[in-house]
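**Student:** If you scroll down you'll find the structure; I have some questions about it.
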Amino acid sequence: MTTPDALDVVLVYPELLGLYGDRGNAMALAHRARARGHRVRVLRVGAGEPVPAEADIYLLGGGEDASMLVAGELLAEQHAFVRALRSGACCLAVCAGFQLLSQGYTGPDGRTHAGLGVLDVECGRLPGSRAVGEVVARPYDDRWGLITGYENHQGDARLGPDAVPLGEVFGGVGNGHAGNEGARQLGVLGTYLHGPVLARNPDLADHLLEGALGSPLGDWVDPAVERLRRERLRAADRRGLLRRLLEPCQ
Ligand code: GLN
């Protein structure tokens, strides 16, 4: 599918997996790639349509419990797509999308459903009420700035040894285990964060673009994104979410 000078970004089933503006992740990727002189095509693959095997970046967003179950059944038939992810294709999977790429996830009925088995992650249910609100996480990759986003989920995520978390949660819930948020394995970034997360975290967007291009991108600071990040971090600070982050080390 790739032409030498265009990146193909595929939105997978956005009518089922597109909560909280997650399809804006495609816009953020296209914006940042075009600013560096790359051509981008954003392709929308509707529910049940074949997911192409050779996209440069796949995007799966969040979904309500019912639409997530439908998406899971349809994606289980998309063998070429799953093979592409297992072979290292670049992908961002948000919330329901993250859970669908796991080994298995628990539905609202308490039943465990098979995931697509791409990530070494098991998703159960958070023991208490839904995790809802702003999240701030310190990334484990020290080239990235603070990770921020918005979460609204009942599922959790327990990582096995082949997946590494994206960051340590300082405010909010994230995976609900080991104080971590998200997972990274092969070319996949999984996260509980909406926002859209790539608009709020340009380092994550550039990480995906660089994976797809196979070469580093030049630095590029978008003043609008910097304003958004400052505003969101101030909002997190007002809610006391940065307090632990700013505490001096004991
Ligand atoms: N329905 C799933 C959950 O509650 C995913 C929610 C979402 O994608 N925001 O965990």
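Ordered as shown in the structure tokens, chains take letters A, B, and onward, while each chain numbers its residues from 1 and ligands are numbered from 1 in the order shown.
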Out of segment 108-210 of chain A, which residues get strand (DSSP E or B) from DSSP, as a ChimeraX atom specification?
**Tutor:** /A:112-114,121-123,125,131-139,147-153,155,158-159,164,167-171,180-181,183-185,188-191,194
**Student:** Would you write out, as CSV, a table of all residues in segment 62-166 of chain A that have an atom no more than 6 Å from an atom of segment 186-198 of chain A, listing for each the closest atom pair and the distance in Å to one decimal, considering only C-alpha atoms and ordering rows by chain and rising residue number?
**Tutor:**
residue,atom,partner,partner_atom,distance
A:Gly88,CA,A:Gly187,CA,4.8
A:Ala89,CA,A:Gly187,CA,5.3
A:Cys90,CA,A:Gly187,CA,4.3
A:Cys91,CA,A:Val188,CA,4.6
A:Leu92,CA,A:Leu189,CA,4.9
A:Ala93,CA,A:Gly190,CA,4.7
A:Val94,CA,A:Thr191,CA,5.1
A:Cys95,CA,A:Tyr192,CA,4.3
A:Phe98,CA,A:Gly190,CA,5.0
A:Gly149,CA,A:Leu193,CA,5.0
A:Tyr150,CA,A:His194,CA,5.0
A:Glu151,CA,A:Leu193,CA,5.2
**Student:** Using only C-alpha atoms, which protein or nucleic acid residues come within 9 Å of Val10 of chain A? Drop anything in the same chain fewer than 4 positions from it, and give the result as a list of chain:residue names.
**Tutor:** A:Ala26, A:Arg41, A:Val42, A:Leu43, A:Arg44, A:Val45, A:Val51, A:Pro52, A:Ala55, A:Asp56, A:Ile57, A:Tyr58, A:Leu59, A:Leu60
**Student:** What are the closest atom pairs, with distances in Å to one decimal, for all residues of chain A lying within 6 Å of ligand 1? Consider only C-alpha atoms and all ligand atoms, order rows by chain and residue number, and present the result as CSV.
**Tutor:**
residue,atom,partner,partner_atom_place_in_ligand_line,distance
A:Gly62,CA,ligand 1,8 (O),3.1
A:Gly63,CA,ligand 1,8 (O),4.0
A:Glu64,CA,ligand 1,1 (N),4.2
A:Asp65,CA,ligand 1,1 (N),3.8
A:Cys95,CA,ligand 1,8 (O),4.1
A:Ala96,CA,ligand 1,8 (O),3.9
A:Asn152,CA,ligand 1,9 (N),4.9
A:His153,CA,ligand 1,4 (O),3.6
A:Gln154,CA,ligand 1,10 (O),3.9
A:Gly155,CA,ligand 1,10 (O),3.6
**Student:** Counting only C-alpha atoms, which of A:Gly160, A:Gly145, A:Gly182, A:Pro165 gets nearest to Gln103 of chain A?
**Tutor:**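 Nearest to Gln103 of chain A: A:Gly160.
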**Student:** Step one, run DSSP on the backbone; step two, keep only residues of segment 4-231 of chain A assigned to helix (DSSP H, G or I); then write them as number ranges by chain.
**Tutor:** A: 19-21, 24-35, 65-75, 79-86, 96-100, 197-200, 202-213, 223-231
**Student:** Compare A:Val121, A:Leu213, A:Leu159, A:Leu146 by their minimum atom-to-atom distance to Ala236 of chain A, counting only C-alpha atoms, and give me the closest one.
**Tutor:**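 Counting only C-alpha atoms, the residue closest to Ala236 of chain A is A:Leu146.
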